Amino acid sequence: LQKNKRTAVSSGHGIGKTGLGAAAIHWFLATRPRPAIIATANTENQLKGKLWRELAKINVHAKNKEWFEWKTMSFTMFGDVTSQAVALPWSDSNPDAFQGTHEDHVLGLFDEGSSIPRSIWNAFAGAMSTPGARWLALGNPTAAEGYFFDACHGKLKALRPGDTERGLWASFVVGCAQSPFVDPSYIADMERQHGKDSDEYRIRVLGLPPRQSVTQFYNSELVQLAMTRELEMFKRWPLVIGADVGRGDRSVLFPRRGRIALDRVEIITGSRTTDFARRIADEIKFYRNEFGLEAQIIIEELGMGVGVVETLEDLGYADQTWGVNTGDVARDPDLYTNLRCEMNAMLKEWLEGNVMLPNCQPLIDDMINIRRKSDGGNGRLKLETKDEMRKRGVPSPDVLDALALTFAVDFDLLPEKRDAWADAWKEQSGVSGGTWASN
């Protein structure tokens with residue numbers, strides 16, 4: 001905390017995280033002139049009943065306890081409200097309550113941070129603008145996604161010297177075996193009950209995130225494995241390019257051939273419909289001239305996507321352009337709420353095989369962030385919408401959507417089955433598009 005502006009601790013149970021948070025509040029308030037301290041936690045009970053109670057216990061034994069006045073939601077030095085720590089419960093509907101904290105010395109304390117939504121983290125980030133600002137995040141890593149995961153184990157974790165100066169987090173993982181406060185019998189009991197390879201053991205004992213959260217749709221380990229593989233390309237594998245047309249977001253081109261998603265992902269911002277269509281046409285020409293491949297383009301034919309499909313048809317690529325509506329009924333409506341869910345389910349099944357993904361951080365982010373939802377007991381797969389993802393502070397999964405579109409039409413069928421399958425599918429769904437690509 002003295003050296004780094006942002007410090008995150010991911011740990012097992014019982015090591016004293018909440019005590020550390022309370023001690024940090026007491027120390028920061030006693031050693032800084034007029035500090036502003038905002039503390040929050042995953043629940044109001046954790047904040048008031050545990051963190052604030054721990055702060056009272058620390059102050060009882062402090063040599064300078066007479067300096068402070070403890071109340072249920074505040075901790076004040078010398079009766080001066082400009083030298084005060086505040087317990088602030090968060091509300092997803094009011095993240096603005098965490099904005100506007102600007103002092104030379106600021107401390108943010110996020111206890112059990114894994115369950116605090118990204119919108120609250122993003123709101124408080126503005127308080128880190130002064131040299132004296134500090135941020136301490138603590139918790140059990142109960143989710144393999146979210147801001148706390150990113151800070152401790154993901155893209156916001158400092159890996160190299162100088163990373164902390166660029167706004168990344170100095171992170172620590174503390175397992176139960178490293179703490180004198182944890183009875184070894186607890187570790188043994190957890191091993192007997194759940195096994196060392198279980199997610200429960202990883203979270204509660206090792207201080208590591210689960211391999212896959214309950215609501216997380218894609219398995220993070222499978223994604224990482226696919227990004228480390230090197231596979232041989234087979235000529236019979238057709239080239240399919242998913243084109244997600246941005247509506248105020250990114251437009252993305254993502255090519256795939258069979259079991260290999262190619263390392264030629266195009267992410268374009270601020271592109272007009274006609275410009276994006278011409279960019280797709282350039283990509284068709286590139287693969288035709290360089291590799292003798294005829295690309296099949298699958299486009300989400302919603303909003304601006306209609307214009308892209310029509311422009312490509314006008315440019316002479318009608319036979320290679322397939323417009324789909326991902327909100328339409330799935331081919332198997334008993335299993336999936338719509339075509340978008342079915343595409344993602346096929347991509348997820350594809351990931352379980354011997355496949356290869358490019359090392360593309362935006363794709364990792366999209367796959368980790370998207371969540372499954374309840375379908376009201378009908379047993380069908382339902383995924384959260386782009387708008388729902390934006391509301392909880394994560395961007396639209398445009399890169400993932402582009403890759404998933406390569407599964408909207410089954411070009412991976414054997415050549416002798418392709419034409420019959422294509423005709424039947426087009427008749428059923430009414431999609432645009434021309435003849436099937438020869439292999």
# chains A, B, ... in the order shown; residues from 1 in each chain; ligands from 1
>>> select_by_dssp(residues="segment 150-228 of chain A", states="helix (DSSP H, G or I)", output="number ranges by chain")
A: 150-153, 164-166, 176-178, 184-194, 199-206, 220-228
>>> write_last_selection(atoms="C-alpha atoms", output="CSV table (one decimal), in the first residue's frame")
chain,number,residue,atom,x,y,z
A,150,ASP,CA,-9.1,-9.1,-13.8
A,151,ALA,CA,-7.2,-7.3,-11.0
A,152,CYS,CA,-6.0,-10.5,-9.3
A,153,HIS,CA,-5.7,-13.0,-12.2
A,164,THR,CA,1.8,-0.6,-11.6
A,165,GLU,CA,2.7,2.8,-12.8
A,166,ARG,CA,0.5,2.2,-15.8
A,176,CYS,CA,-4.9,-21.1,3.6
A,177,ALA,CA,-1.7,-23.2,4.1
A,178,GLN,CA,0.3,-19.9,4.2
A,184,PRO,CA,-4.8,-27.4,9.2
A,185,SER,CA,-7.9,-29.6,9.9
A,186,TYR,CA,-10.0,-27.2,7.8
A,187,ILE,CA,-7.8,-27.8,4.8
A,188,ALA,CA,-8.0,-31.5,5.3
A,189,ASP,CA,-11.8,-31.4,5.6
A,190,MET,CA,-12.1,-29.4,2.4
A,191,GLU,CA,-9.9,-31.9,0.6
A,192,ARG,CA,-12.0,-34.8,1.8
A,193,GLN,CA,-15.3,-33.2,1.0
A,194,HIS,CA,-14.5,-31.7,-2.4
A,199,ASP,CA,-13.4,-25.5,-7.8
A,200,GLU,CA,-14.6,-25.4,-4.2
A,201,TYR,CA,-11.1,-26.3,-3.0
A,202,ARG,CA,-9.5,-23.8,-5.4
A,203,ILE,CA,-11.6,-20.9,-4.1
A,204,ARG,CA,-11.9,-21.7,-0.4
A,205,VAL,CA,-8.4,-23.1,0.2
A,206,LEU,CA,-6.0,-22.1,-2.5
A,220,SER,CA,-11.8,-20.2,-19.3
A,221,GLU,CA,-9.3,-23.1,-19.2
A,222,LEU,CA,-10.6,-24.5,-22.6
A,223,VAL,CA,-10.2,-21.0,-24.1
A,224,GLN,CA,-6.7,-20.7,-22.9
A,225,LEU,CA,-5.8,-24.2,-24.1
A,226,ALA,CA,-7.1,-23.5,-27.5
A,227,MET,CA,-4.9,-20.4,-27.7
A,228,THR,CA,-1.8,-22.4,-26.9
>>> residues_around(residues="segment 263-268 of chain A", least_positions_apart="2", cutoff="8 Å", atoms="only C-alpha atoms", output="PyMOL selection string")
chain A and resi 250-255+261+270-271+357-359+399
>>> atom_distance(atom1="atom CA of Asn338 of chain A", atom2="atom CA of Arg380 of chain A")
9.5 Å
>>> atom_distance(atom1="atom CA of Gly303 of chain A", atom2="atom CA of Asp401 of chain A")
15.4 Å
>>> closest_residue(among="A:Arg340, A:Lys3, A:Gly108, A:Val60", to="Ala402 of chain A", atoms="only C-alpha atoms")
A:Arg340
>>> residues_around(residues="Ser74 of chain A", least_positions_apart="6", cutoff="8 Å", atoms="only C-alpha atoms", output="number ranges by chain")
A: 84-87
>>> residues_around(residues="segment 139-147 of chain A", least_positions_apart="2", cutoff="9 Å", atoms="only C-alpha atoms", output="mmCIF file with N, CA and C atoms, in the first residue's frame")
data_model
loop_
_atom_site.group_PDB
_atom_site.id
_atom_site.type_symbol
_atom_site.label_atom_id
_atom_site.label_comp_id
_atom_site.auth_asym_id
_atom_site.auth_seq_id
_atom_site.Cartn_x
_atom_site.Cartn_y
_atom_site.Cartn_z
ATOM 1 N N ALA A 8 -4.319 -5.827 -4.780
ATOM 2 C CA ALA A 8 -5.412 -6.796 -4.722
ATOM 3 C C ALA A 8 -4.923 -8.084 -4.074
ATOM 4 N N VAL A 9 -5.755 -8.661 -3.203
ATOM 5 C CA VAL A 9 -5.417 -9.912 -2.522
ATOM 6 C C VAL A 9 -6.532 -10.923 -2.757
ATOM 7 N N SER A 10 -6.187 -12.013 -3.432
ATOM 8 C CA SER A 10 -7.105 -13.128 -3.670
ATOM 9 C C SER A 10 -6.692 -14.259 -2.735
ATOM 10 N N SER A 11 -7.628 -14.755 -1.908
ATOM 11 C CA SER A 11 -7.169 -15.692 -0.881
ATOM 12 C C SER A 11 -8.214 -16.735 -0.545
ATOM 13 N N GLY A 12 -7.767 -17.727 0.216
ATOM 14 C CA GLY A 12 -8.665 -18.704 0.799
ATOM 15 C C GLY A 12 -9.359 -18.127 2.019
ATOM 16 N N HIS A 13 -10.151 -18.978 2.684
ATOM 17 C CA HIS A 13 -10.911 -18.539 3.859
ATOM 18 C C HIS A 13 -10.036 -18.447 5.099
ATOM 19 N N LYS A 17 -8.380 -11.419 5.899
ATOM 20 C CA LYS A 17 -8.544 -10.353 4.899
ATOM 21 C C LYS A 17 -9.275 -9.138 5.478
ATOM 22 N N THR A 18 -10.399 -9.410 6.146
ATOM 23 C CA THR A 18 -11.199 -8.305 6.678
ATOM 24 C C THR A 18 -10.432 -7.546 7.754
ATOM 25 N N PHE A 110 -12.272 -2.244 -0.944
ATOM 26 C CA PHE A 110 -13.326 -3.110 -1.457
ATOM 27 C C PHE A 110 -13.126 -4.494 -0.844
ATOM 28 N N ASP A 111 -14.012 -4.867 0.091
ATOM 29 C CA ASP A 111 -13.919 -6.156 0.781
ATOM 30 C C ASP A 111 -14.835 -7.172 0.087
ATOM 31 N N GLU A 112 -14.356 -8.414 -0.046
ATOM 32 C CA GLU A 112 -15.060 -9.449 -0.817
ATOM 33 C C GLU A 112 -15.425 -8.899 -2.194
ATOM 34 N N GLY A 113 -14.383 -8.413 -2.870
ATOM 35 C CA GLY A 113 -14.566 -7.673 -4.118
ATOM 36 C C GLY A 113 -15.077 -8.483 -5.284
ATOM 37 N N SER A 114 -15.016 -9.820 -5.194
ATOM 38 C CA SER A 114 -15.438 -10.637 -6.324
ATOM 39 C C SER A 114 -16.905 -10.453 -6.661
ATOM 40 N N SER A 115 -17.716 -10.068 -5.667
ATOM 41 C CA SER A 115 -19.155 -9.921 -5.890
ATOM 42 C C SER A 115 -19.590 -8.475 -6.090
ATOM 43 N N ILE A 116 -18.635 -7.562 -6.142
ATOM 44 C CA ILE A 116 -18.968 -6.154 -6.382
ATOM 45 C C ILE A 116 -18.984 -5.917 -7.889
ATOM 46 N N PRO A 117 -20.076 -5.395 -8.459
ATOM 47 C CA PRO A 117 -20.180 -5.282 -9.912
ATOM 48 C C PRO A 117 -19.179 -4.293 -10.510
ATOM 49 N N ARG A 118 -18.895 -4.522 -11.759
ATOM 50 C CA ARG A 118 -17.896 -3.711 -12.470
ATOM 51 C C ARG A 118 -18.261 -2.230 -12.484
ATOM 52 N N TRP A 121 -16.728 -0.481 -9.523
ATOM 53 C CA TRP A 121 -15.272 -0.318 -9.707
ATOM 54 C C TRP A 121 -14.984 0.829 -10.675
ATOM 55 N N ASN A 122 -15.696 0.835 -11.785
ATOM 56 C CA ASN A 122 -15.468 1.875 -12.790
ATOM 57 C C ASN A 122 -15.779 3.262 -12.234
ATOM 58 N N ALA A 137 -8.151 -4.048 -2.648
ATOM 59 C CA ALA A 137 -9.252 -4.974 -2.941
ATOM 60 C C ALA A 137 -8.920 -6.339 -2.343
ATOM 61 N N PHE A 149 -11.558 -10.376 -10.578
ATOM 62 C CA PHE A 149 -10.810 -11.423 -11.288
ATOM 63 C C PHE A 149 -9.741 -10.813 -12.186
ATOM 64 N N ASP A 150 -10.105 -9.772 -12.924
ATOM 65 C CA ASP A 150 -9.133 -9.119 -13.814
ATOM 66 C C ASP A 150 -7.957 -8.552 -13.023
ATOM 67 N N ALA A 151 -8.239 -7.970 -11.848
ATOM 68 C CA ALA A 151 -7.178 -7.349 -11.045
ATOM 69 C C ALA A 151 -6.240 -8.388 -10.436
ATOM 70 N N CYS A 152 -6.783 -9.522 -10.016
ATOM 71 C CA CYS A 152 -5.967 -10.537 -9.330
ATOM 72 C C CYS A 152 -5.354 -11.558 -10.281
ATOM 73 N N HIS A 153 -6.088 -11.903 -11.346
ATOM 74 C CA HIS A 153 -5.674 -13.043 -12.175
ATOM 75 C C HIS A 153 -5.743 -12.768 -13.673
ATOM 76 N N GLY A 154 -6.262 -11.627 -14.074
ATOM 77 C CA GLY A 154 -6.512 -11.399 -15.492
ATOM 78 C C GLY A 154 -5.763 -10.233 -16.080
ATOM 79 N N LEU A 156 -5.835 -7.051 -15.812
ATOM 80 C CA LEU A 156 -5.438 -5.869 -15.043
ATOM 81 C C LEU A 156 -4.329 -6.156 -14.043
ATOM 82 N N GLU A 200 -14.377 -25.760 -5.599
ATOM 83 C CA GLU A 200 -14.595 -25.362 -4.213
ATOM 84 C C GLU A 200 -13.275 -25.293 -3.452
ATOM 85 N N ARG A 202 -10.286 -24.919 -4.809
ATOM 86 C CA ARG A 202 -9.494 -23.824 -5.382
ATOM 87 C C ARG A 202 -9.867 -22.494 -4.742
ATOM 88 N N ILE A 203 -11.177 -22.228 -4.618
ATOM 89 C CA ILE A 203 -11.648 -20.938 -4.099
ATOM 90 C C ILE A 203 -11.400 -20.815 -2.605
ATOM 91 N N ARG A 204 -11.852 -21.817 -1.830
ATOM 92 C CA ARG A 204 -11.876 -21.710 -0.368
ATOM 93 C C ARG A 204 -10.531 -21.972 0.286
ATOM 94 N N GLY A 207 -7.221 -20.018 -2.799
ATOM 95 C CA GLY A 207 -7.358 -18.608 -3.170
ATOM 96 C C GLY A 207 -7.292 -18.386 -4.661
ATOM 97 N N LEU A 208 -7.663 -19.414 -5.445
ATOM 98 C CA LEU A 208 -7.648 -19.328 -6.899
ATOM 99 C C LEU A 208 -9.079 -19.312 -7.424
ATOM 100 N N PRO A 209 -9.298 -18.710 -8.583
ATOM 101 C CA PRO A 209 -10.666 -18.635 -9.112
ATOM 102 C C PRO A 209 -11.132 -19.980 -9.620
ATOM 103 N N PRO A 210 -12.445 -20.172 -9.740
ATOM 104 C CA PRO A 210 -12.953 -21.424 -10.319
ATOM 105 C C PRO A 210 -12.568 -21.524 -11.781
ATOM 106 N N ARG A 211 -12.517 -22.735 -12.246
ATOM 107 C CA ARG A 211 -12.245 -22.909 -13.677
ATOM 108 C C ARG A 211 -13.380 -22.323 -14.508
ATOM 109 N N GLN A 212 -14.586 -22.369 -13.944
ATOM 110 C CA GLN A 212 -15.737 -21.802 -14.635
ATOM 111 C C GLN A 212 -16.779 -21.406 -13.600
ATOM 112 N N SER A 213 -17.232 -20.143 -13.656
ATOM 113 C CA SER A 213 -18.258 -19.683 -12.729
ATOM 114 C C SER A 213 -19.601 -20.323 -13.059
ATOM 115 N N VAL A 214 -20.512 -20.283 -12.083
ATOM 116 C CA VAL A 214 -21.821 -20.908 -12.259
ATOM 117 C C VAL A 214 -22.570 -20.309 -13.441
ATOM 118 N N THR A 215 -22.525 -18.978 -13.565
ATOM 119 C CA THR A 215 -23.254 -18.317 -14.651
ATOM 120 C C THR A 215 -22.403 -18.121 -15.902
ATOM 121 N N GLN A 216 -21.112 -18.381 -15.812
ATOM 122 C CA GLN A 216 -20.230 -18.180 -16.963
ATOM 123 C C GLN A 216 -20.478 -19.270 -17.993
ATOM 124 N N SER A 220 -12.988 -20.983 -19.107
ATOM 125 C CA SER A 220 -11.779 -20.184 -19.322
ATOM 126 C C SER A 220 -10.569 -21.055 -19.651
ATOM 127 N N ASP A 365 -11.870 -11.620 -23.395
ATOM 128 C CA ASP A 365 -12.761 -10.792 -22.580
ATOM 129 C C ASP A 365 -14.224 -11.129 -22.860
ATOM 130 N N ILE A 368 -15.205 -14.660 -21.481
ATOM 131 C CA ILE A 368 -15.278 -14.721 -20.027
ATOM 132 C C ILE A 368 -16.504 -13.971 -19.513
ATOM 133 N N ASN A 369 -16.870 -12.894 -20.189
ATOM 134 C CA ASN A 369 -17.903 -12.004 -19.668
ATOM 135 C C ASN A 369 -19.332 -12.474 -19.909
ATOM 136 N N VAL A 394 -19.986 -4.095 -18.982
ATOM 137 C CA VAL A 394 -19.051 -4.779 -19.877
ATOM 138 C C VAL A 394 -19.459 -4.489 -21.320
#
>>> atom_distance(atom1="atom CA of Gly393 of chain A", atom2="atom CA of Val173 of chain A")
25.7 Å
>>> select_by_dssp(residues="segment 357-406 of chain A", states="strand (DSSP E or B)", output="list of chain:residue names")
A:Arg371, A:Arg372, A:Lys373, A:Leu381, A:Lys382, A:Leu383
>>> residues_around(residues="Asp96 of chain A", least_positions_apart="2", cutoff="10 Å", atoms="only C-alpha atoms", output="PyMOL selection string")
chain A and resi 90-94+98-100+119-120+122-124
>>> write_last_selection(atoms="N, CA and C atoms", output="mmCIF file, in the first residue's frame")
data_model
loop_
_atom_site.group_PDB
_atom_site.id
_atom_site.type_symbol
_atom_site.label_atom_id
_atom_site.label_comp_id
_atom_site.auth_asym_id
_atom_site.auth_seq_id
_atom_site.Cartn_x
_atom_site.Cartn_y
_atom_site.Cartn_z
ATOM 1 N N TRP A 90 -23.053 -0.432 -1.709
ATOM 2 C CA TRP A 90 -23.180 -0.110 -3.126
ATOM 3 C C TRP A 90 -24.569 -0.481 -3.633
ATOM 4 N N SER A 91 -24.952 0.185 -4.714
ATOM 5 C CA SER A 91 -26.194 -0.125 -5.405
ATOM 6 C C SER A 91 -25.911 -0.103 -6.899
ATOM 7 N N ASP A 92 -26.271 -1.190 -7.557
ATOM 8 C CA ASP A 92 -26.022 -1.270 -8.997
ATOM 9 C C ASP A 92 -26.779 -0.185 -9.759
ATOM 10 N N SER A 93 -27.869 0.281 -9.179
ATOM 11 C CA SER A 93 -28.668 1.319 -9.841
ATOM 12 C C SER A 93 -28.135 2.720 -9.572
ATOM 13 N N ASN A 94 -27.144 2.839 -8.648
ATOM 14 C CA ASN A 94 -26.620 4.160 -8.321
ATOM 15 C C ASN A 94 -25.102 4.123 -8.150
ATOM 16 N N PHE A 98 -20.240 6.502 -5.886
ATOM 17 C CA PHE A 98 -18.815 6.248 -5.709
ATOM 18 C C PHE A 98 -17.949 7.204 -6.524
ATOM 19 N N GLN A 99 -18.582 8.145 -7.174
ATOM 20 C CA GLN A 99 -17.839 9.145 -7.935
ATOM 21 C C GLN A 99 -17.671 10.416 -7.109
ATOM 22 N N GLY A 100 -16.773 11.272 -7.563
ATOM 23 C CA GLY A 100 -16.624 12.592 -6.952
ATOM 24 C C GLY A 100 -15.747 12.650 -5.727
ATOM 25 N N SER A 119 -19.552 -1.919 -12.516
ATOM 26 C CA SER A 119 -19.973 -0.516 -12.576
ATOM 27 C C SER A 119 -19.497 0.266 -11.351
ATOM 28 N N ILE A 120 -19.426 -0.392 -10.191
ATOM 29 C CA ILE A 120 -18.969 0.278 -8.971
ATOM 30 C C ILE A 120 -17.455 0.511 -9.043
ATOM 31 N N ASN A 122 -15.696 0.835 -11.785
ATOM 32 C CA ASN A 122 -15.468 1.875 -12.790
ATOM 33 C C ASN A 122 -15.779 3.262 -12.234
ATOM 34 N N ALA A 123 -16.821 3.349 -11.390
ATOM 35 C CA ALA A 123 -17.191 4.642 -10.821
ATOM 36 C C ALA A 123 -16.111 5.159 -9.874
ATOM 37 N N PHE A 124 -15.551 4.252 -9.044
ATOM 38 C CA PHE A 124 -14.549 4.699 -8.073
ATOM 39 C C PHE A 124 -13.197 4.996 -8.727
#
>>> closest_residue(among="A:Val324, A:Cys360, A:Pro95, A:Asn219", to="Arg392 of chain A", atoms="only C-alpha atoms")
A:Pro95
>>> residues_around(residues="Arg32 of chain A", least_positions_apart="6", cutoff="12 Å", atoms="only C-alpha atoms", output="count of residues only")
17
>>> closest_residue(among="A:Phe217, A:Thr274, A:Val355, A:Gly327", to="Arg371 of chain A", atoms="only C-alpha atoms")
A:Phe217
>>> residues_around(residues="Gly307 of chain A", least_positions_apart="3", cutoff="10 Å", atoms="only C-alpha atoms", output="compact mmCIF listing (two decimals) with all heavy atoms, in the first residue's frame")
# COMPACT_ATOMS: atom_id res chain seq x y z
N VAL A 245 -21.77 -6.76 -37.51
CA VAL A 245 -21.87 -5.36 -37.92
C VAL A 245 -22.21 -4.51 -36.70
O VAL A 245 -23.24 -4.71 -36.06
CB VAL A 245 -22.95 -5.17 -39.01
CG1 VAL A 245 -22.96 -3.73 -39.49
CG2 VAL A 245 -22.69 -6.13 -40.16
N ARG A 272 -18.69 2.99 -41.79
CA ARG A 272 -20.01 3.05 -42.41
C ARG A 272 -20.36 1.71 -43.03
O ARG A 272 -19.50 0.87 -43.29
CB ARG A 272 -20.05 4.14 -43.47
CG ARG A 272 -19.81 5.55 -42.94
CD ARG A 272 -19.94 6.55 -44.07
NE ARG A 272 -19.03 6.24 -45.16
CZ ARG A 272 -19.04 6.83 -46.35
NH1 ARG A 272 -19.95 7.76 -46.61
NH2 ARG A 272 -18.18 6.48 -47.29
N THR A 273 -21.66 1.53 -43.31
CA THR A 273 -22.13 0.26 -43.87
C THR A 273 -21.40 -0.09 -45.16
O THR A 273 -20.90 -1.20 -45.35
CB THR A 273 -23.64 0.33 -44.12
OG1 THR A 273 -24.30 0.57 -42.87
CG2 THR A 273 -24.15 -0.96 -44.72
N THR A 274 -21.34 0.87 -46.07
CA THR A 274 -20.71 0.60 -47.37
C THR A 274 -19.21 0.35 -47.21
O THR A 274 -18.65 -0.50 -47.90
CB THR A 274 -20.94 1.77 -48.33
OG1 THR A 274 -20.54 3.00 -47.69
CG2 THR A 274 -22.41 1.87 -48.71
N PHE A 276 -17.69 -0.97 -44.60
CA PHE A 276 -17.50 -2.31 -44.02
C PHE A 276 -17.74 -3.39 -45.07
O PHE A 276 -17.02 -4.39 -45.13
CB PHE A 276 -18.42 -2.50 -42.82
CG PHE A 276 -18.15 -3.76 -42.04
CD1 PHE A 276 -16.86 -4.09 -41.63
CD2 PHE A 276 -19.18 -4.62 -41.71
CE1 PHE A 276 -16.61 -5.25 -40.90
CE2 PHE A 276 -18.96 -5.77 -40.99
CZ PHE A 276 -17.66 -6.10 -40.59
N ALA A 277 -18.75 -3.18 -45.92
CA ALA A 277 -19.02 -4.14 -46.99
C ALA A 277 -17.82 -4.24 -47.94
O ALA A 277 -17.44 -5.34 -48.36
CB ALA A 277 -20.29 -3.75 -47.75
N GLU A 301 -27.94 -10.20 -40.05
CA GLU A 301 -28.75 -9.34 -40.91
C GLU A 301 -29.80 -8.60 -40.08
O GLU A 301 -31.01 -8.81 -40.20
CB GLU A 301 -29.43 -10.18 -41.99
CG GLU A 301 -29.93 -9.36 -43.16
CD GLU A 301 -30.45 -10.23 -44.28
OE1 GLU A 301 -30.90 -11.36 -44.00
OE2 GLU A 301 -30.40 -9.80 -45.43
N LEU A 302 -29.32 -7.73 -39.20
CA LEU A 302 -30.18 -6.91 -38.37
C LEU A 302 -29.70 -5.46 -38.49
O LEU A 302 -28.50 -5.21 -38.46
CB LEU A 302 -30.13 -7.35 -36.91
CG LEU A 302 -30.74 -8.70 -36.56
CD1 LEU A 302 -30.36 -9.09 -35.13
CD2 LEU A 302 -32.24 -8.67 -36.70
N GLY A 303 -30.62 -4.52 -38.59
CA GLY A 303 -30.24 -3.12 -38.63
C GLY A 303 -29.28 -2.84 -39.77
O GLY A 303 -29.57 -3.06 -40.95
N MET A 304 -28.08 -2.37 -39.42
CA MET A 304 -27.07 -2.02 -40.41
C MET A 304 -26.60 -3.23 -41.20
O MET A 304 -26.08 -3.09 -42.30
CB MET A 304 -25.88 -1.36 -39.71
CG MET A 304 -26.20 0.00 -39.11
SD MET A 304 -24.86 0.60 -38.05
CE MET A 304 -23.51 0.66 -39.22
N GLU A 310 -26.81 -6.31 -48.63
CA GLU A 310 -27.25 -5.79 -49.93
C GLU A 310 -26.08 -5.22 -50.73
O GLU A 310 -26.01 -5.42 -51.95
CB GLU A 310 -28.33 -4.73 -49.72
CG GLU A 310 -29.64 -5.30 -49.18
CD GLU A 310 -30.65 -4.22 -48.87
OE1 GLU A 310 -30.24 -3.02 -48.84
OE2 GLU A 310 -31.83 -4.54 -48.66
N THR A 311 -25.16 -4.52 -50.06
CA THR A 311 -24.00 -3.96 -50.77
C THR A 311 -23.12 -5.07 -51.33
O THR A 311 -22.64 -4.99 -52.48
CB THR A 311 -23.18 -3.06 -49.82
OG1 THR A 311 -24.01 -2.02 -49.32
CG2 THR A 311 -21.98 -2.46 -50.55
N LEU A 312 -22.89 -6.13 -50.56
CA LEU A 312 -22.09 -7.24 -51.05
C LEU A 312 -22.76 -7.94 -52.24
O LEU A 312 -22.09 -8.35 -53.20
CB LEU A 312 -21.84 -8.25 -49.92
CG LEU A 312 -20.79 -7.85 -48.89
CD1 LEU A 312 -20.81 -8.80 -47.69
CD2 LEU A 312 -19.39 -7.82 -49.50
N GLU A 313 -24.08 -8.06 -52.18
CA GLU A 313 -24.79 -8.65 -53.31
C GLU A 313 -24.64 -7.77 -54.55
O GLU A 313 -24.44 -8.26 -55.67
CB GLU A 313 -26.26 -8.85 -52.95
CG GLU A 313 -26.48 -9.95 -51.92
CD GLU A 313 -27.91 -10.05 -51.43
OE1 GLU A 313 -28.69 -9.10 -51.72
OE2 GLU A 313 -28.25 -11.04 -50.77
>>> closest_residue(among="A:Trp237, A:Trp70, A:Tyr218, A:Trp350", to="Arg372 of chain A", atoms="only C-alpha atoms")
A:Tyr218
>>> decode(residues="segment 155-165 of chain A", atoms="N, CA, C and O atoms", output="short mmCIF file (atom, residue, chain, number, x, y, z; two decimals), in the first residue's frame")
data_model
loop_
_atom_site.label_atom_id
_atom_site.label_comp_id
_atom_site.auth_asym_id
_atom_site.auth_seq_id
_atom_site.Cartn_x
_atom_site.Cartn_y
_atom_site.Cartn_z
N LYS A 155 -6.42 -9.52 -16.96
CA LYS A 155 -5.75 -8.53 -17.80
C LYS A 155 -5.32 -7.28 -17.04
O LYS A 155 -4.51 -6.50 -17.56
N LEU A 156 -5.83 -7.05 -15.81
CA LEU A 156 -5.44 -5.87 -15.04
C LEU A 156 -4.33 -6.16 -14.04
O LEU A 156 -3.90 -5.28 -13.31
N LYS A 157 -3.84 -7.38 -14.01
CA LYS A 157 -2.78 -7.77 -13.08
C LYS A 157 -1.42 -7.32 -13.61
O LYS A 157 -1.09 -7.55 -14.77
N ALA A 158 -0.62 -6.69 -12.75
CA ALA A 158 0.73 -6.27 -13.14
C ALA A 158 1.62 -7.50 -13.28
O ALA A 158 1.68 -8.34 -12.37
N LEU A 159 2.31 -7.61 -14.40
CA LEU A 159 3.18 -8.75 -14.65
C LEU A 159 4.65 -8.35 -14.78
O LEU A 159 5.53 -9.16 -14.51
N ARG A 160 4.89 -7.13 -15.18
CA ARG A 160 6.27 -6.69 -15.45
C ARG A 160 6.57 -5.42 -14.64
O ARG A 160 5.65 -4.70 -14.25
N PRO A 161 7.85 -5.14 -14.41
CA PRO A 161 8.21 -3.87 -13.74
C PRO A 161 7.64 -2.69 -14.51
O PRO A 161 7.73 -2.63 -15.74
N GLY A 162 7.06 -1.79 -13.82
CA GLY A 162 6.47 -0.61 -14.45
C GLY A 162 4.98 -0.74 -14.72
O GLY A 162 4.32 0.28 -15.01
N ASP A 163 4.43 -1.96 -14.61
CA ASP A 163 3.00 -2.13 -14.87
C ASP A 163 2.14 -1.37 -13.87
O ASP A 163 1.08 -0.85 -14.22
N THR A 164 2.58 -1.33 -12.61
CA THR A 164 1.76 -0.64 -11.60
C THR A 164 1.69 0.85 -11.88
O THR A 164 0.69 1.50 -11.56
N GLU A 165 2.75 1.41 -12.47
CA GLU A 165 2.73 2.83 -12.81
C GLU A 165 1.76 3.11 -13.96
O GLU A 165 1.32 4.25 -14.15
#
